[in-house]
Amino acid sequence: MKNSTGNVPGLALIMVGQGRDSQTYVRKKLGACEEAGIQSKISTLPENCTEDQVLNALSCFHEDPSIHGILVQLPLPQHLDEGKILNSVHLEKDVDGFHPINMGNLAMWGREPLFLPCTPKGCIELLIRSGVEISGKKAVVIGRSNIVGLPMSLLLQRHHAIVSVVHAFTRNPEQITREADIVVAAAGVPNLVRGSWLKPGAVVLDVGTNPVKDPSCEYGHRLIGDVCYEEASRVASAITPVPGGVGPVTVAMLLLNTLESAKRAYNFT
């Protein structure tokens, strides 16, 4: 793209506050941009900033023709209306894929969203590249958040899986999960899925990133997933680790969405 048009894709990040986890995630995204040759810009706002300040930062990036994707780092402080802010990201720069129109198009057959949410998109990419058959297979998604669970279940259906969703009100989650060929754990509950929840040979994608106290680690905590890796790895035919599994692929999909947006902007094929 640079050789042909003189331009490169551009990604803008908006971070509110100085949360350690958010700082880590943003640093990884900026590093990945640099490695791939994508221009990045960041707007850092104080924890006590107003909604208007966030919307003004968004507006600046909307008007910047060198920016093709905008990401608002979540979570936002409680005094800010997360839904309103995410809805304010212009559709053509919504590389996170969270805009209601993107999500609506994902849910409807015959419609194509401009962008797929990065984590579900990364999970599908992992399955396809690992040679895991999806069509006609039973898949269970644990969790139904707008960020992962809901779009994951929709995307698996697009690939013709038979999808069940397990959530906080499911009465027999272990029994339902044990029937699955593919399990996606995105509940935000550490070690929720035990080895006994899995049928032999199941493929497990662990989206959970849960901090647990560990004084021996640099920041006083380490990350574990929603799946008890030690138990599950004895039963599953394939499983993603935490950290280092779904996370890096999610970042790669963010860069891919930004590239696709830039291709549209520059009419580059």
# chains A, B, ... in the order shown; residues from 1 in each chain; ligands from 1

call {"tool": "residues_around", "arguments": {"residues": "Leu192 (chain A)", "least_positions_apart": "2", "cutoff": "6 Å", "atoms": "only C-alpha atoms", "output": "list in words"}}
result
Val189, Pro190, Asp226 and Val227 of chain A

call {"tool": "select_by_dssp", "arguments": {"residues": "region 51-105 of chain A", "states": "alpha helix (DSSP H)", "output": "list in words"}}
result
Glu51, Asp52, Gln53, Val54, Leu55, Asn56, Ala57, Leu58, Ser59, Cys60, Phe61, His62, Glu63, Glu82, Gly83, Lys84, Ile85, Leu86, Asn87, Pro100, Ile101, Asn102, Met103, Gly104 and Asn105 of chain A

call {"tool": "write_last_selection", "arguments": {"atoms": "C-alpha atoms", "output": "short mmCIF file (atom, residue, chain, number, x, y, z; two decimals), in the first residue's frame"}}
result
data_model
loop_
_atom_site.label_atom_id
_atom_site.label_comp_id
_atom_site.auth_asym_id
_atom_site.auth_seq_id
_atom_site.Cartn_x
_atom_site.Cartn_y
_atom_site.Cartn_z
CA GLU A 51 -18.12 12.62 28.19
CA ASP A 52 -17.72 15.67 25.93
CA GLN A 53 -13.93 15.38 26.15
CA VAL A 54 -14.09 11.78 24.94
CA LEU A 55 -16.51 12.73 22.15
CA ASN A 56 -14.25 15.63 21.12
CA ALA A 57 -11.29 13.24 20.86
CA LEU A 58 -13.44 10.97 18.72
CA SER A 59 -14.45 13.89 16.53
CA CYS A 60 -10.81 14.84 15.87
CA PHE A 61 -10.01 11.31 14.73
CA HIS A 62 -13.19 11.15 12.62
CA GLU A 63 -12.01 14.22 10.70
CA GLU A 82 -20.08 3.53 27.33
CA GLY A 83 -22.94 2.78 24.94
CA LYS A 84 -23.27 6.40 23.83
CA ILE A 85 -19.53 6.72 23.25
CA LEU A 86 -19.22 3.47 21.27
CA ASN A 87 -22.27 4.40 19.19
CA PRO A 100 -25.02 -1.49 16.43
CA ILE A 101 -25.21 -1.50 12.61
CA ASN A 102 -22.14 -3.75 12.38
CA MET A 103 -23.60 -6.08 15.00
CA GLY A 104 -27.03 -6.02 13.34
CA ASN A 105 -25.57 -6.92 9.95
#

call {"tool": "closest_residue", "arguments": {"among": "A:Arg144, A:His68, A:Arg171, A:His160", "to": "Ala187 (chain A)", "atoms": "only C-alpha atoms"}}
result
A:Arg144

call {"tool": "select_by_dssp", "arguments": {"residues": "region 113-261 of chain A", "states": "strand (DSSP E or B)", "output": "PyMOL selection string"}}
result
chain A and resi 138-142+162-166+182-185+193+203-206+210-213+221-224+227+238-239

call {"tool": "write_last_selection", "arguments": {"atoms": "N, CA, C and O atoms", "output": "compact mmCIF listing (two decimals), in the first residue's frame"}}
result
# COMPACT_ATOMS: atom_id res chain seq x y z
N LYS A 138 -21.06 -29.27 16.88
CA LYS A 138 -21.71 -28.65 18.05
C LYS A 138 -20.72 -27.70 18.72
O LYS A 138 -19.61 -28.10 19.07
N ALA A 139 -21.14 -26.45 18.88
CA ALA A 139 -20.30 -25.45 19.54
C ALA A 139 -21.05 -24.86 20.73
O ALA A 139 -22.25 -24.59 20.64
N VAL A 140 -20.34 -24.69 21.83
CA VAL A 140 -20.92 -24.04 23.01
C VAL A 140 -20.11 -22.78 23.30
O VAL A 140 -18.88 -22.84 23.40
N VAL A 141 -20.81 -21.66 23.42
CA VAL A 141 -20.20 -20.39 23.81
C VAL A 141 -20.62 -20.10 25.24
O VAL A 141 -21.82 -20.03 25.54
N ILE A 142 -19.65 -19.97 26.12
CA ILE A 142 -19.95 -19.69 27.53
C ILE A 142 -19.78 -18.19 27.75
O ILE A 142 -18.66 -17.66 27.69
N ILE A 162 -23.62 -25.76 15.00
CA ILE A 162 -24.85 -25.87 15.81
C ILE A 162 -24.51 -25.28 17.17
O ILE A 162 -23.75 -25.87 17.94
N VAL A 163 -25.06 -24.10 17.46
CA VAL A 163 -24.55 -23.28 18.57
C VAL A 163 -25.49 -23.27 19.77
O VAL A 163 -26.70 -23.05 19.62
N SER A 164 -24.92 -23.49 20.95
CA SER A 164 -25.63 -23.29 22.22
C SER A 164 -24.87 -22.23 23.02
O SER A 164 -23.64 -22.15 22.95
N VAL A 165 -25.62 -21.44 23.77
CA VAL A 165 -25.01 -20.41 24.61
C VAL A 165 -25.29 -20.74 26.07
O VAL A 165 -26.44 -20.96 26.46
N VAL A 166 -24.22 -20.77 26.86
CA VAL A 166 -24.34 -21.02 28.29
C VAL A 166 -24.10 -19.69 29.02
O VAL A 166 -23.16 -18.96 28.69
N ILE A 182 -16.68 -27.91 19.96
CA ILE A 182 -15.93 -26.66 20.09
C ILE A 182 -16.48 -25.89 21.28
O ILE A 182 -17.69 -25.69 21.39
N VAL A 183 -15.60 -25.48 22.18
CA VAL A 183 -16.00 -24.72 23.36
C VAL A 183 -15.27 -23.38 23.35
O VAL A 183 -14.04 -23.33 23.24
N VAL A 184 -16.04 -22.29 23.45
CA VAL A 184 -15.47 -20.95 23.58
C VAL A 184 -15.85 -20.41 24.95
O VAL A 184 -17.03 -20.20 25.23
N ALA A 185 -14.87 -20.24 25.82
CA ALA A 185 -15.13 -19.78 27.19
C ALA A 185 -14.86 -18.29 27.28
O ALA A 185 -13.74 -17.84 27.10
N VAL A 193 -14.36 -23.63 33.72
CA VAL A 193 -14.51 -24.85 32.93
C VAL A 193 -13.45 -25.86 33.37
O VAL A 193 -12.25 -25.65 33.16
N VAL A 203 -12.26 -29.12 21.14
CA VAL A 203 -11.35 -28.00 20.88
C VAL A 203 -11.80 -26.83 21.75
O VAL A 203 -12.98 -26.46 21.75
N VAL A 204 -10.86 -26.25 22.49
CA VAL A 204 -11.20 -25.25 23.50
C VAL A 204 -10.51 -23.92 23.21
O VAL A 204 -9.28 -23.87 23.07
N LEU A 205 -11.30 -22.86 23.11
CA LEU A 205 -10.79 -21.50 22.96
C LEU A 205 -11.09 -20.74 24.24
O LEU A 205 -12.25 -20.53 24.59
N ASP A 206 -10.04 -20.37 24.96
CA ASP A 206 -10.20 -19.71 26.26
C ASP A 206 -9.97 -18.21 26.09
O ASP A 206 -8.85 -17.75 25.90
N ASN A 210 -8.23 -13.34 33.52
CA ASN A 210 -8.60 -13.00 34.90
C ASN A 210 -7.34 -12.83 35.76
O ASN A 210 -6.55 -13.76 35.88
N PRO A 211 -7.15 -11.65 36.35
CA PRO A 211 -5.98 -11.45 37.21
C PRO A 211 -6.16 -12.15 38.56
O PRO A 211 -7.21 -12.04 39.18
N VAL A 212 -5.15 -12.89 38.98
CA VAL A 212 -5.15 -13.49 40.32
C VAL A 212 -3.86 -13.06 41.02
O VAL A 212 -2.82 -12.92 40.39
N LYS A 213 -3.95 -12.85 42.31
CA LYS A 213 -2.79 -12.36 43.07
C LYS A 213 -1.63 -13.34 43.01
O LYS A 213 -1.83 -14.55 43.20
N HIS A 221 0.32 -9.77 40.20
CA HIS A 221 -0.74 -10.70 39.78
C HIS A 221 -0.35 -11.34 38.46
O HIS A 221 0.52 -10.86 37.74
N ARG A 222 -1.01 -12.46 38.16
CA ARG A 222 -0.83 -13.13 36.88
C ARG A 222 -2.20 -13.38 36.27
O ARG A 222 -3.22 -13.30 36.97
N LEU A 223 -2.22 -13.66 34.99
CA LEU A 223 -3.49 -13.88 34.30
C LEU A 223 -3.77 -15.37 34.15
O LEU A 223 -2.88 -16.15 33.80
N ILE A 224 -5.00 -15.75 34.44
CA ILE A 224 -5.45 -17.11 34.15
C ILE A 224 -6.75 -17.03 33.36
O ILE A 224 -7.44 -16.00 33.36
N VAL A 227 -10.80 -21.34 31.70
CA VAL A 227 -10.67 -22.80 31.64
C VAL A 227 -9.51 -23.24 32.53
O VAL A 227 -8.44 -22.63 32.50
N ALA A 238 -7.17 -29.76 21.39
CA ALA A 238 -6.45 -28.50 21.19
C ALA A 238 -7.03 -27.48 22.16
O ALA A 238 -8.23 -27.47 22.42
N ILE A 239 -6.15 -26.60 22.68
CA ILE A 239 -6.59 -25.60 23.65
C ILE A 239 -5.68 -24.39 23.57
O ILE A 239 -4.46 -24.53 23.35

call {"tool": "residues_around", "arguments": {"residues": "His99 (chain A)", "least_positions_apart": "5", "cutoff": "12 Å", "atoms": "only C-alpha atoms", "output": "ChimeraX atom specification"}}
result
/A:70-72,82-94,104-106,113-117,146-147,151

call {"tool": "closest_residue", "arguments": {"among": "A:Gln157, A:Ser233, A:Gln78, A:Thr44", "to": "Leu198 (chain A)", "atoms": "only C-alpha atoms"}}
result
A:Ser233

call {"tool": "closest_residue", "arguments": {"among": "A:Pro248, A:Gly188, A:Pro215, A:Gly195", "to": "Val235 (chain A)", "atoms": "only C-alpha atoms"}}
result
A:Gly195

call {"tool": "closest_residue", "arguments": {"among": "A:Gly97, A:Gly208, A:Gly143, A:Gly31", "to": "Gly244 (chain A)", "atoms": "only C-alpha atoms"}}
result
A:Gly208

call {"tool": "residues_around", "arguments": {"residues": "region 20-27 of chain A", "least_positions_apart": "3", "cutoff": "8 Å", "atoms": "only C-alpha atoms", "output": "list in words"}}
result
Leu13, Met15, Leu30, Gly31, Gln73 and Leu74 of chain A

call {"tool": "write_last_selection", "arguments": {"atoms": "N, CA and C atoms", "output": "PDB file, in the first residue's frame"}}
result
ATOM      1  N   LEU A  13      -6.201   5.331  19.058  1.00  0.00           N
ATOM      2  CA  LEU A  13      -6.684   4.747  20.306  1.00  0.00           C
ATOM      3  C   LEU A  13      -7.022   5.857  21.295  1.00  0.00           C
ATOM      4  N   MET A  15      -7.706   6.333  25.294  1.00  0.00           N
ATOM      5  CA  MET A  15      -7.621   5.672  26.594  1.00  0.00           C
ATOM      6  C   MET A  15      -7.978   6.672  27.693  1.00  0.00           C
ATOM      7  N   LEU A  30      -0.096  -0.699  20.266  1.00  0.00           N
ATOM      8  CA  LEU A  30       0.800   0.261  19.632  1.00  0.00           C
ATOM      9  C   LEU A  30       2.046  -0.437  19.096  1.00  0.00           C
ATOM     10  N   GLY A  31       2.572  -1.390  19.861  1.00  0.00           N
ATOM     11  CA  GLY A  31       3.745  -2.146  19.426  1.00  0.00           C
ATOM     12  C   GLY A  31       3.459  -2.967  18.186  1.00  0.00           C
ATOM     13  N   GLN A  73     -10.521   2.235  24.252  1.00  0.00           N
ATOM     14  CA  GLN A  73     -10.090   1.173  25.149  1.00  0.00           C
ATOM     15  C   GLN A  73     -11.096   0.999  26.285  1.00  0.00           C
ATOM     16  N   LEU A  74     -11.579  -0.228  26.438  1.00  0.00           N
ATOM     17  CA  LEU A  74     -12.542  -0.544  27.498  1.00  0.00           C
ATOM     18  C   LEU A  74     -11.838  -1.288  28.625  1.00  0.00           C
TER      19      LEU A  74
END

call {"tool": "residues_around", "arguments": {"residues": "region 8-11 of chain A", "least_positions_apart": "2", "cutoff": "8 Å", "atoms": "only C-alpha atoms", "output": "list in words"}}
result
Met1, Lys2, Gly6, Leu13, Cys33, Gly37, Ile38, Gln39, Ser40, Lys41, Ser66, Ile67, His68, Gly69, Ile70, Leu71, Thr258, Leu259, Ser261 and Ala262 of chain A

call {"tool": "write_last_selection", "arguments": {"atoms": "N, CA, C and O atoms", "output": "PDB file, in the first residue's frame"}}
result
ATOM      1  N   MET A   1       0.830  -1.202   0.000  1.00  0.00           N
ATOM      2  CA  MET A   1       0.000   0.000   0.000  1.00  0.00           C
ATOM      3  C   MET A   1       0.866   1.254   0.000  1.00  0.00           C
ATOM      4  O   MET A   1       0.612   2.203  -0.745  1.00  0.00           O
ATOM      5  N   LYS A   2       1.906   1.251   0.806  1.00  0.00           N
ATOM      6  CA  LYS A   2       2.795   2.413   0.879  1.00  0.00           C
ATOM      7  C   LYS A   2       3.490   2.641  -0.456  1.00  0.00           C
ATOM      8  O   LYS A   2       3.596   3.766  -0.940  1.00  0.00           O
ATOM      9  N   GLY A   6       1.525   5.610  -1.475  1.00  0.00           N
ATOM     10  CA  GLY A   6       2.233   6.570  -0.618  1.00  0.00           C
ATOM     11  C   GLY A   6       1.612   6.710   0.758  1.00  0.00           C
ATOM     12  O   GLY A   6       2.041   7.536   1.570  1.00  0.00           O
ATOM     13  N   LEU A  13      -6.201   5.331  19.058  1.00  0.00           N
ATOM     14  CA  LEU A  13      -6.684   4.747  20.306  1.00  0.00           C
ATOM     15  C   LEU A  13      -7.022   5.857  21.295  1.00  0.00           C
ATOM     16  O   LEU A  13      -6.284   6.845  21.416  1.00  0.00           O
ATOM     17  N   CYS A  33       1.181  -2.268  15.918  1.00  0.00           N
ATOM     18  CA  CYS A  33       1.060  -1.321  14.802  1.00  0.00           C
ATOM     19  C   CYS A  33       2.433  -1.001  14.228  1.00  0.00           C
ATOM     20  O   CYS A  33       2.634  -1.026  13.008  1.00  0.00           O
ATOM     21  N   GLY A  37       3.842  -1.770  10.416  1.00  0.00           N
ATOM     22  CA  GLY A  37       3.930  -0.599   9.545  1.00  0.00           C
ATOM     23  C   GLY A  37       2.659   0.215   9.493  1.00  0.00           C
ATOM     24  O   GLY A  37       2.406   0.944   8.538  1.00  0.00           O
ATOM     25  N   ILE A  38       1.840   0.098  10.533  1.00  0.00           N
ATOM     26  CA  ILE A  38       0.604   0.881  10.631  1.00  0.00           C
ATOM     27  C   ILE A  38       0.850   2.095  11.525  1.00  0.00           C
ATOM     28  O   ILE A  38       1.422   1.975  12.613  1.00  0.00           O
ATOM     29  N   GLN A  39       0.438   3.275  11.025  1.00  0.00           N
ATOM     30  CA  GLN A  39       0.568   4.494  11.814  1.00  0.00           C
ATOM     31  C   GLN A  39      -0.402   4.440  12.999  1.00  0.00           C
ATOM     32  O   GLN A  39      -1.540   4.008  12.849  1.00  0.00           O
ATOM     33  N   SER A  40       0.036   4.879  14.160  1.00  0.00           N
ATOM     34  CA  SER A  40      -0.864   4.900  15.319  1.00  0.00           C
ATOM     35  C   SER A  40      -0.815   6.246  16.016  1.00  0.00           C
ATOM     36  O   SER A  40       0.228   6.913  16.048  1.00  0.00           O
ATOM     37  N   LYS A  41      -1.956   6.635  16.544  1.00  0.00           N
ATOM     38  CA  LYS A  41      -2.064   7.859  17.345  1.00  0.00           C
ATOM     39  C   LYS A  41      -2.855   7.508  18.596  1.00  0.00           C
ATOM     40  O   LYS A  41      -3.738   6.650  18.563  1.00  0.00           O
ATOM     41  N   SER A  66      -6.046  10.484   7.721  1.00  0.00           N
ATOM     42  CA  SER A  66      -4.982   9.477   7.850  1.00  0.00           C
ATOM     43  C   SER A  66      -5.342   8.379   8.839  1.00  0.00           C
ATOM     44  O   SER A  66      -4.611   7.400   8.980  1.00  0.00           O
ATOM     45  N   ILE A  67      -6.479   8.543   9.539  1.00  0.00           N
ATOM     46  CA  ILE A  67      -6.946   7.549  10.512  1.00  0.00           C
ATOM     47  C   ILE A  67      -8.079   6.739   9.901  1.00  0.00           C
ATOM     48  O   ILE A  67      -9.089   7.292   9.469  1.00  0.00           O
ATOM     49  N   HIS A  68      -7.910   5.423   9.879  1.00  0.00           N
ATOM     50  CA  HIS A  68      -8.904   4.541   9.262  1.00  0.00           C
ATOM     51  C   HIS A  68      -9.628   3.665  10.275  1.00  0.00           C
ATOM     52  O   HIS A  68     -10.605   2.996   9.940  1.00  0.00           O
ATOM     53  N   GLY A  69      -9.127   3.664  11.494  1.00  0.00           N
ATOM     54  CA  GLY A  69      -9.762   2.897  12.551  1.00  0.00           C
ATOM     55  C   GLY A  69      -9.631   3.615  13.879  1.00  0.00           C
ATOM     56  O   GLY A  69      -8.597   4.220  14.166  1.00  0.00           O
ATOM     57  N   ILE A  70     -10.700   3.565  14.669  1.00  0.00           N
ATOM     58  CA  ILE A  70     -10.693   4.191  15.996  1.00  0.00           C
ATOM     59  C   ILE A  70     -11.088   3.147  17.026  1.00  0.00           C
ATOM     60  O   ILE A  70     -12.082   2.434  16.854  1.00  0.00           O
ATOM     61  N   LEU A  71     -10.308   3.061  18.077  1.00  0.00           N
ATOM     62  CA  LEU A  71     -10.579   2.103  19.148  1.00  0.00           C
ATOM     63  C   LEU A  71     -10.673   2.852  20.475  1.00  0.00           C
ATOM     64  O   LEU A  71      -9.769   3.612  20.828  1.00  0.00           O
ATOM     65  N   THR A 258      -8.131  -2.655  10.456  1.00  0.00           N
ATOM     66  CA  THR A 258      -7.622  -1.321  10.117  1.00  0.00           C
ATOM     67  C   THR A 258      -7.112  -1.301   8.678  1.00  0.00           C
ATOM     68  O   THR A 258      -7.354  -0.345   7.930  1.00  0.00           O
ATOM     69  N   LEU A 259      -6.419  -2.357   8.281  1.00  0.00           N
ATOM     70  CA  LEU A 259      -5.933  -2.473   6.902  1.00  0.00           C
ATOM     71  C   LEU A 259      -7.098  -2.505   5.918  1.00  0.00           C
ATOM     72  O   LEU A 259      -7.077  -1.825   4.886  1.00  0.00           O
ATOM     73  N   SER A 261     -10.043  -1.270   6.305  1.00  0.00           N
ATOM     74  CA  SER A 261     -10.641   0.065   6.273  1.00  0.00           C
ATOM     75  C   SER A 261      -9.823   0.999   5.385  1.00  0.00           C
ATOM     76  O   SER A 261     -10.381   1.771   4.583  1.00  0.00           O
ATOM     77  N   ALA A 262      -8.499   0.930   5.508  1.00  0.00           N
ATOM     78  CA  ALA A 262      -7.624   1.766   4.686  1.00  0.00           C
ATOM     79  C   ALA A 262      -7.733   1.385   3.202  1.00  0.00           C
ATOM     80  O   ALA A 262      -7.711   2.261   2.328  1.00  0.00           O
TER      81      ALA A 262
END

call {"tool": "atom_distance", "arguments": {"atom1": "CA of Gly149 (chain A)", "atom2": "CA of Gly201 (chain A)"}}
result
22.4 Å

call {"tool": "atom_distance", "arguments": {"atom1": "CA of Arg194 (chain A)", "atom2": "CA of Ala232 (chain A)"}}
result
6.2 Å
